[in-house]
file data-v6.txt (compact mmCIF, C-alpha atoms)
# COMPACT_ATOMS: atom_id res chain seq x y z
CA MET D 1 -22.88 -5.63 56.13
CA SER D 2 -21.79 -2.07 56.77
CA SER D 3 -22.06 0.69 54.21
CA ARG D 4 -18.27 0.75 54.08
CA TYR D 5 -18.26 -2.73 52.42
CA LEU D 6 -20.96 -1.74 49.97
CA PHE D 7 -18.85 1.13 48.75
CA GLN D 8 -15.85 -1.05 48.24
CA PHE D 9 -17.67 -3.73 46.28
CA PRO D 10 -18.03 -1.91 42.94
CA CYS D 11 -14.27 -1.84 42.63
CA ALA D 12 -14.08 -5.60 42.18
CA PRO D 13 -15.18 -5.75 38.51
CA LEU D 14 -12.58 -3.12 37.66
CA PHE D 15 -9.96 -5.20 39.37
CA LEU D 16 -11.00 -8.26 37.36
CA LEU D 17 -10.80 -6.24 34.14
CA ALA D 18 -7.28 -5.21 34.99
CA LEU D 19 -6.31 -8.83 35.57
CA SER D 20 -7.88 -10.06 32.34
CA ALA D 21 -5.99 -7.38 30.40
CA CYS D 22 -2.81 -9.22 31.27
CA VAL D 23 -4.04 -12.35 29.52
CA THR D 24 -5.83 -11.26 26.35
CA PRO D 25 -3.53 -10.05 23.54
CA GLN D 26 -3.66 -6.30 23.11
CA PRO D 27 -3.35 -4.52 19.76
CA TYR D 28 0.17 -3.13 19.40
CA ASP D 29 0.50 0.27 21.06
CA TYR D 30 1.93 2.59 18.41
CA SER D 31 1.50 5.84 20.37
CA ALA D 32 5.24 6.42 20.95
CA TYR D 33 5.93 5.41 17.33
CA ARG D 34 3.45 7.96 15.99
CA GLU D 35 4.72 10.65 18.34
CA HIS D 36 8.34 10.29 17.12
CA PHE D 37 7.65 8.98 13.60
CA PRO D 38 11.05 8.32 11.96
CA ARG D 39 11.88 9.03 8.31
CA SER D 40 15.25 7.32 8.46
CA ILE D 41 16.49 4.15 10.16
CA LEU D 42 20.06 3.22 10.99
CA VAL D 43 20.53 -0.54 11.35
CA LEU D 44 23.51 -1.55 13.46
CA PRO D 45 25.18 -4.92 12.78
CA PRO D 46 23.13 -7.40 14.84
CA LEU D 47 24.37 -8.84 18.11
CA ASN D 48 24.92 -12.54 17.65
CA GLU D 49 23.98 -14.89 20.47
CA THR D 50 24.49 -17.99 18.33
CA THR D 51 27.66 -19.93 17.59
CA ASP D 52 27.56 -19.27 13.84
CA ILE D 53 29.90 -16.39 13.06
CA GLN D 54 28.10 -15.69 9.75
CA ALA D 55 24.85 -14.72 11.50
CA THR D 56 25.58 -11.01 12.03
CA TYR D 57 26.50 -10.11 8.46
CA SER D 58 24.05 -12.49 6.85
CA CYS D 59 21.18 -10.80 8.66
CA LEU D 60 22.63 -7.30 8.19
CA SER D 61 22.85 -7.86 4.42
CA THR D 62 19.14 -8.68 4.15
CA ILE D 63 17.69 -5.96 6.38
CA THR D 64 17.62 -3.03 3.92
CA MET D 65 14.93 -4.33 1.59
CA PRO D 66 12.14 -4.92 4.14
CA LEU D 67 12.66 -1.51 5.77
CA ALA D 68 13.07 0.42 2.51
CA GLU D 69 10.07 -1.28 0.93
CA ARG D 70 8.10 -0.32 4.04
CA GLY D 71 8.88 3.30 3.16
CA TYR D 72 11.91 4.30 5.23
CA TYR D 73 15.30 5.69 4.30
CA VAL D 74 17.80 3.03 5.39
CA PHE D 75 21.40 4.11 5.82
CA PRO D 76 23.95 2.11 3.78
CA VAL D 77 24.57 -0.79 6.16
CA ALA D 78 28.12 -1.66 5.09
CA VAL D 79 29.25 1.99 5.02
CA VAL D 80 27.87 2.53 8.53
CA ASP D 81 29.52 -0.70 9.74
CA GLN D 82 32.85 0.53 8.36
CA LEU D 83 32.39 3.98 9.90
CA PHE D 84 31.94 2.46 13.36
CA LYS D 85 34.91 0.13 12.88
CA GLU D 86 37.15 3.03 11.88
CA ASN D 87 36.05 4.92 14.97
CA GLY D 88 37.16 2.35 17.49
CA MET D 89 34.04 0.19 17.64
CA PRO D 90 34.99 -3.04 15.85
CA THR D 91 32.24 -5.31 17.22
CA PRO D 92 28.42 -5.19 17.22
CA GLY D 93 28.55 -5.23 21.04
CA GLU D 94 30.52 -1.98 21.08
CA MET D 95 28.40 -0.42 18.33
CA HIS D 96 25.22 -1.15 20.29
CA GLN D 97 26.68 0.90 23.18
CA ALA D 98 27.20 4.02 21.03
CA PRO D 99 25.36 7.05 22.49
CA LEU D 100 22.21 7.98 20.56
CA ASN D 101 23.03 11.68 20.49
CA LYS D 102 26.33 10.88 18.76
CA ILE D 103 24.58 8.68 16.21
CA ARG D 104 22.16 11.49 15.49
CA GLU D 105 24.93 14.09 15.26
CA ILE D 106 27.34 12.09 13.09
CA ILE D 107 24.94 10.16 10.86
CA GLY D 108 21.68 12.09 11.13
CA ALA D 109 19.51 9.04 11.82
CA ASP D 110 15.99 9.52 13.23
CA ALA D 111 15.89 6.01 14.70
CA VAL D 112 18.21 3.09 15.33
CA LEU D 113 17.21 -0.55 14.86
CA TYR D 114 18.93 -2.85 17.34
CA ILE D 115 18.78 -6.54 16.44
CA THR D 116 19.85 -9.55 18.52
CA ILE D 117 20.05 -12.90 16.76
CA LYS D 118 18.83 -15.68 19.05
CA GLU D 119 18.81 -18.62 16.66
CA TYR D 120 20.62 -19.13 13.38
CA GLY D 121 21.37 -22.36 11.63
CA SER D 122 20.50 -25.70 10.22
CA SER D 123 19.89 -29.10 11.64
CA TYR D 124 20.31 -31.79 9.02
CA GLN D 125 18.44 -35.06 9.06
CA VAL D 126 18.48 -37.89 6.55
CA ILE D 127 15.91 -36.46 4.16
CA ASN D 128 15.06 -33.04 5.51
CA SER D 129 17.06 -30.08 6.63
CA ALA D 130 15.55 -27.51 8.96
CA THR D 131 16.98 -24.02 9.16
CA THR D 132 15.75 -21.56 11.75
CA VAL D 133 16.50 -17.89 12.27
CA THR D 134 15.04 -16.00 15.22
CA ALA D 135 15.87 -12.41 16.08
CA GLU D 136 14.70 -9.74 18.49
CA ALA D 137 14.43 -6.23 17.12
CA LYS D 138 13.99 -2.87 18.81
CA LEU D 139 13.52 0.49 17.10
CA VAL D 140 14.65 3.46 19.21
CA ASP D 141 14.16 7.21 18.64
CA THR D 142 17.54 8.98 18.60
CA VAL D 143 16.18 12.23 20.08
CA SER D 144 14.24 10.97 23.11
CA GLY D 145 15.72 7.47 23.48
CA THR D 146 12.16 6.12 23.49
CA ALA D 147 11.53 2.59 22.20
CA LEU D 148 9.16 3.05 19.25
CA TRP D 149 8.66 -0.60 18.40
CA GLN D 150 9.95 -3.99 19.45
CA GLY D 151 9.24 -7.54 18.49
CA THR D 152 10.61 -10.94 17.61
CA VAL D 153 10.82 -12.28 14.07
CA SER D 154 11.42 -15.89 13.19
CA ALA D 155 11.50 -17.99 10.05
CA GLN D 156 12.05 -21.67 9.52
CA ASP D 157 12.39 -23.71 6.42
CA ASN D 158 12.06 -27.45 6.28
CA SER D 159 13.40 -28.39 2.89
CA ALA D 160 12.57 -31.80 1.57
CA GLY D 161 15.13 -33.31 -0.77
CA THR D 162 13.02 -33.23 -3.91
CA GLY D 163 13.36 -31.18 -7.06
CA SER D 164 11.72 -27.79 -7.11
CA ILE D 165 11.12 -24.84 -9.38
CA ILE D 166 12.91 -22.70 -6.81
CA GLY D 167 16.13 -24.19 -8.14
CA ASP D 168 15.61 -22.48 -11.47
CA LEU D 169 15.74 -19.10 -9.81
CA VAL D 170 19.05 -19.60 -8.06
CA SER D 171 21.27 -16.56 -8.15
CA ALA D 172 24.27 -17.80 -10.07
CA PHE D 173 27.23 -15.97 -8.63
CA LEU D 174 26.34 -16.74 -5.02
CA THR D 175 26.29 -20.48 -5.64
CA GLN D 176 29.82 -20.30 -6.92
CA VAL D 177 31.09 -18.21 -4.07
CA ILE D 178 29.52 -19.38 -0.84
CA SER D 179 28.83 -22.73 0.75
CA GLU D 180 25.28 -23.96 0.49
CA SER D 181 24.50 -24.07 4.20
CA THR D 182 25.58 -20.44 4.52
CA ASP D 183 23.44 -19.49 1.54
CA HIS D 184 20.46 -21.15 3.03
CA ALA D 185 20.57 -19.50 6.45
CA TYR D 186 21.07 -16.17 4.65
CA GLU D 187 17.82 -16.66 2.77
CA ILE D 188 15.99 -17.72 5.94
CA CYS D 189 17.26 -14.58 7.64
CA ARG D 190 15.83 -12.61 4.74
CA LEU D 191 12.45 -14.22 5.39
CA ALA D 192 12.66 -13.37 9.09
CA ASN D 193 13.64 -9.76 8.33
CA ILE D 194 10.78 -9.35 5.87
CA GLN D 195 8.33 -9.94 8.71
CA LEU D 196 9.33 -6.59 10.22
CA GLY D 197 7.41 -4.90 7.44
CA THR D 198 4.70 -7.44 6.60
CA ARG D 199 3.24 -8.60 9.91
CA SER D 200 0.18 -6.81 11.22
CA ASP D 201 1.95 -5.68 14.40
CA GLY D 202 5.16 -4.73 12.58
CA LEU D 203 6.58 -1.37 11.50
CA LEU D 204 4.08 1.23 10.30
CA PRO D 205 4.25 2.36 6.64
CA GLY D 206 7.00 4.97 6.34
CA PRO D 207 7.23 8.24 4.36
CA TYR D 208 8.07 6.57 1.01
CA ASP D 209 5.13 4.16 1.26
CA PRO D 210 1.81 5.21 -0.34
CA GLY D 211 0.08 4.10 2.89
CA TYR D 212 2.07 6.55 5.03
CA GLY D 213 -0.04 8.30 7.64
CA THR D 214 -3.25 6.45 6.80
CA ASN D 215 -3.45 4.20 9.86
CA MET E 1 23.69 -32.92 0.07
CA ARG E 2 24.21 -32.03 -3.56
CA HIS E 3 20.60 -32.69 -4.46
CA LEU E 4 19.49 -30.17 -1.88
CA ARG E 5 21.22 -27.28 -3.53
CA PRO E 6 18.36 -26.27 -5.84
CA LEU E 7 16.24 -25.65 -2.76
CA LEU E 8 18.80 -23.72 -0.87
CA LEU E 9 18.59 -20.42 -2.66
CA ALA E 10 15.80 -18.14 -3.58
CA THR E 11 15.97 -14.74 -5.19
CA PRO E 12 14.90 -11.76 -3.09
CA ALA E 13 11.81 -11.32 -5.25
CA LEU E 14 10.84 -14.91 -4.61
CA ALA E 15 11.41 -14.48 -0.91
CA LEU E 16 9.00 -11.55 -0.91
CA LEU E 17 6.49 -13.65 -2.81
CA LEU E 18 6.80 -16.57 -0.39
CA SER E 19 6.27 -14.30 2.57
CA GLY E 20 2.89 -13.34 1.19
CA CYS E 21 3.93 -9.88 0.06
CA ALA E 22 3.38 -10.13 -3.67
CA ALA E 23 2.95 -6.39 -4.18
CA PRO E 24 5.33 -4.81 -6.68
CA THR E 25 8.42 -3.39 -5.01
CA ILE E 26 9.21 0.33 -4.88
CA TYR E 27 12.88 -0.16 -5.77
CA TYR E 28 15.10 -2.12 -8.12
CA TRP E 29 17.03 -4.53 -5.88
CA GLY E 30 19.07 -6.53 -8.37
CA GLN E 31 22.25 -7.89 -6.81
CA TYR E 32 22.75 -5.23 -4.13
CA GLU E 33 22.03 -7.35 -1.04
CA ASP E 34 23.64 -10.52 -2.42
CA THR E 35 26.76 -8.50 -3.21
CA LEU E 36 26.84 -7.11 0.33
CA PHE E 37 26.52 -10.58 1.81
CA ALA E 38 29.16 -12.08 -0.49
CA SER E 39 31.57 -9.27 0.42
CA TYR E 40 31.29 -10.34 4.07
CA ALA E 41 31.03 -14.11 3.61
CA ALA E 42 33.68 -14.50 0.93
CA PRO E 43 35.67 -11.25 0.70
CA GLY E 44 38.41 -12.88 -1.39
CA GLU E 45 35.89 -13.68 -4.10
CA MET E 46 34.15 -10.33 -3.89
CA PRO E 47 36.73 -7.52 -3.93
CA PRO E 48 35.56 -3.90 -4.38
CA GLU E 49 36.28 -4.06 -8.14
CA ARG E 50 33.83 -6.94 -8.57
CA GLN E 51 31.23 -5.26 -6.35
CA VAL E 52 31.43 -2.10 -8.44
CA GLU E 53 30.99 -4.16 -11.60
CA LEU E 54 27.85 -5.84 -10.25
CA LEU E 55 26.35 -2.62 -8.87
CA GLU E 56 27.02 -0.76 -12.12
CA GLU E 57 25.15 -3.56 -13.93
CA ASP E 58 22.25 -3.01 -11.55
CA ARG E 59 22.35 0.73 -12.13
CA GLN E 60 21.93 0.20 -15.88
CA LYS E 61 19.17 -2.36 -15.46
CA ALA E 62 17.31 -0.10 -13.04
CA ARG E 63 17.54 2.74 -15.55
CA SER E 64 16.29 0.57 -18.41
CA GLU E 65 13.38 -0.61 -16.27
CA ASN E 66 12.75 2.92 -15.07
CA THR E 67 12.76 1.76 -11.42
CA PRO E 68 14.53 3.75 -8.69
CA LEU E 69 17.56 2.31 -6.90
CA PRO E 70 17.08 1.65 -3.18
CA PRO E 71 18.25 3.74 -0.21
CA GLY E 72 21.96 3.21 0.40
CA PHE E 73 22.75 1.84 -3.06
CA ASN E 74 24.54 4.93 -4.38
CA ALA E 75 26.24 5.52 -1.04
CA GLN E 76 27.62 1.98 -1.08
CA LEU E 77 28.76 2.39 -4.69
CA GLY E 78 30.45 5.68 -3.76
CA TYR E 79 32.20 4.06 -0.86
CA LEU E 80 33.52 1.29 -3.12
CA TYR E 81 34.81 3.88 -5.61
CA TYR E 82 36.44 5.69 -2.71
CA GLN E 83 38.20 2.45 -1.65
CA LEU E 84 39.47 2.07 -5.21
CA GLY E 85 40.84 5.63 -5.19
CA MET E 86 38.30 6.83 -7.77
CA THR E 87 37.34 9.99 -5.92
CA ASP E 88 35.43 11.71 -8.73
CA GLU E 89 33.12 8.72 -9.11
CA ALA E 90 32.84 8.44 -5.33
CA ARG E 91 31.88 12.10 -4.95
CA GLN E 92 29.32 11.82 -7.73
CA SER E 93 27.69 8.75 -6.13
CA PHE E 94 27.47 10.42 -2.70
CA GLU E 95 25.85 13.46 -4.34
CA ILE E 96 23.31 11.23 -6.08
CA GLU E 97 22.42 9.49 -2.80
CA LYS E 98 21.94 12.86 -1.15
CA ALA E 99 19.78 14.20 -3.99
CA LEU E 100 17.57 11.07 -4.06
CA PHE E 101 17.26 10.79 -0.28
CA PRO E 102 17.68 14.06 1.67
CA GLU E 103 17.63 11.94 4.89
CA SER E 104 21.19 10.88 4.00
CA ALA E 105 22.54 14.47 3.88
CA VAL E 106 24.38 14.47 7.24
CA LEU E 107 26.24 11.24 6.46
CA MET E 108 26.89 12.06 2.80
CA ASP E 109 28.26 15.52 3.67
CA ARG E 110 30.52 13.87 6.22
CA LEU E 111 31.83 11.39 3.65
CA LEU E 112 32.31 14.15 1.06
CA ALA E 113 34.18 16.30 3.58
CA SER E 114 36.45 13.43 4.65
CA MET E 115 37.45 12.92 1.01
CA VAL E 116 38.56 16.53 0.72
CA VAL E 117 40.88 16.11 3.70
CA LYS E 118 42.47 12.90 2.38

call {"tool": "encode", "arguments": {"input": "data-v6.txt", "output": "structure tokens"}}
result
Amino acid sequence: MSSRYLFQFPCAPLFLLALSACVTPQPYDYSAYREHFPRSILVLPPLNETTDIQATYSCLSTITMPLAERGYYVFPVAVVDQLFKENGMPTPGEMHQAPLNKIREIIGADAVLYITIKEYGSSYQVINSATTVTAEAKLVDTVSGTALWQGTVSAQDNSAGTGSIIGDLVSAFLTQVISESTDHAYEICRLANIQLGTRSDGLLPGPYDPGYGTN
Amino acid sequence: MRHLRPLLLATPALALLLSGCAAPTIYYWGQYEDTLFASYAAPGEMPPERQVELLEEDRQKARSENTPLPPGFNAQLGYLYYQLGMTDEARQSFEIEKALFPESAVLMDRLLASMVVK
């Protein structure tokens, strides 16, 4: 064996390490997030890749609470939606193409949350009904265009047809106004959205959260 | 499917609880998000007048519970007043949003300025 081979050999363990890094889950890399930490988040109406036309506005209506409770300023979602519509962007697809510098200039948002709904709806069986909502989310800095965070949230509910205390807490005016299957997917979307703030690899605590800047 | 109905709805607070986040919330949420959703899902049943009524109820409850209203709430209320032609109330709500959350200043100033023009 020549000395040339001996010199090359020590590189092998490094190479193996690099390979294994692809397999073991890594802790979420928040370095870009911390570098461009946003105070305010603009949520655009989600892109809808499902066949249920309610998906976009059902998920948009339930996105403010998880982000605000995580400590961020969240722009009024319906006002922003209307603003885009009045400026020649009537669909989520067009809104998602809006230039970041314009969004920053006109609305003053630090970051934009882009959501794509992948699954939304119920499958009914004899006794059970299963409702699933899955969405991909990406938070982007409006100054640099850098992706600060991205992930997939999903929630499913398998409701058995038995009585439950949950029924006592039903919000009265919604039951009168909207069909029950729509109501249900709306609540499941809320559960999926909540994961943005509660999961361990989710959004970091924002400026209005007591835990801001501690981790 | 009638018997399923009791299971099909949960209040936002309950949803938070179910997700394992039982910590007290920062803001008073009331009917804000449900009103938003209803305005999209059943606009005929949820005209701006009705939305204003529900949000004004929330505003009073939040005050009596001494809990702040969430980001966007006063901006949404202002926008509804603006749609109803009640510009003084609209202006006041936009100013409140801006005072509570300085992050909203660019958008609130834009809305306030557009009202002057119209």

call {"tool": "atom_distance", "arguments": {"input": "data-v6.txt", "atom1": "CA of Gly30 in chain E", "atom2": "CA of Ile63 in chain D"}}
result
14.8 Å

call {"tool": "atom_distance", "arguments": {"input": "data-v6.txt", "atom1": "CA of Pro46 in chain D", "atom2": "CA of Glu136 in chain D"}}
result
9.5 Å

call {"tool": "closest_residue", "arguments": {"input": "data-v6.txt", "among": "E:Gln51, E:Ser104, E:Glu89, E:Ile96", "to": "chain D", "atoms": "all atoms listed in the file"}}
result
E:Ser104

call {"tool": "atom_distance", "arguments": {"input": "data-v6.txt", "atom1": "CA of Leu83 in chain D", "atom2": "CA of Leu148 in chain D"}}
result
25.1 Å

call {"tool": "closest_residue", "arguments": {"input": "data-v6.txt", "among": "D:Thr134, D:Ser154, D:Thr56, D:Thr214", "to": "Arg199 in chain D", "atoms": "all atoms listed in the file"}}
result
D:Ser154

call {"tool": "residues_around", "arguments": {"input": "data-v6.txt", "residues": "Glu65 in chain E", "least_positions_apart": "4", "cutoff": "9 Å", "atoms": "all atoms listed in the file", "output": "CSV table (one decimal) with C-alpha atoms, in the coordinates of the input"}}
result
chain,number,residue,atom,x,y,z
E,28,TYR,CA,15.1,-2.1,-8.1
E,60,GLN,CA,21.9,0.2,-15.9
E,61,LYS,CA,19.2,-2.4,-15.5

call {"tool": "closest_residue", "arguments": {"input": "data-v6.txt", "among": "E:Glu103, E:Thr87, E:Leu55, E:Thr25", "to": "Tyr72 in chain D", "atoms": "only C-alpha atoms"}}
result
E:Glu103

call {"tool": "residues_around", "arguments": {"input": "data-v6.txt", "residues": "Leu80 in chain E", "least_positions_apart": "6", "cutoff": "8 Å", "atoms": "all atoms listed in the file", "output": "ChimeraX atom specification"}}
result
/E:48-49,51-52,90

call {"tool": "closest_residue", "arguments": {"input": "data-v6.txt", "among": "E:Val106, E:Pro47, E:Thr35, E:Ala99", "to": "chain D", "atoms": "all atoms listed in the file"}}
result
E:Val106

call {"tool": "closest_residue", "arguments": {"input": "data-v6.txt", "among": "E:Leu100, E:Leu54, E:Leu107, E:Leu84", "to": "chain D", "atoms": "all atoms listed in the file"}}
result
E:Leu107

call {"tool": "closest_residue", "arguments": {"input": "data-v6.txt", "among": "E:Leu69, E:Gln76, E:Gly44, E:Arg59", "to": "chain D", "atoms": "only C-alpha atoms"}}
result
E:Gln76

call {"tool": "residues_around", "arguments": {"input": "data-v6.txt", "residues": "Ala155 in chain D", "least_positions_apart": "4", "cutoff": "8 Å", "atoms": "only C-alpha atoms", "output": "ChimeraX atom specification"}}
result
/D:132-134,188-189,191-192

call {"tool": "write_last_selection", "arguments": {"input": "data-v6.txt", "atoms": "C-alpha atoms", "output": "tab-separated table (two decimals), in the coordinates of the input"}}
result
chain	number	residue	atom	x	y	z
D	132	THR	CA	15.75	-21.56	11.75
D	133	VAL	CA	16.50	-17.89	12.27
D	134	THR	CA	15.04	-16.00	15.22
D	188	ILE	CA	15.99	-17.72	5.94
D	189	CYS	CA	17.26	-14.58	7.64
D	191	LEU	CA	12.45	-14.22	5.39
D	192	ALA	CA	12.66	-13.37	9.09

call {"tool": "residues_near_point", "arguments": {"input": "data-v6.txt", "point": "(22.4, -17.1, 20.6)", "cutoff": "12 Å", "atoms": "only C-alpha atoms", "output": "JSON, numbers by chain"}}
result
{"D": [46, 47, 48, 49, 50, 51, 52, 53, 55, 56, 115, 116, 117, 118, 119, 120, 121, 132, 133, 134, 135, 136]}
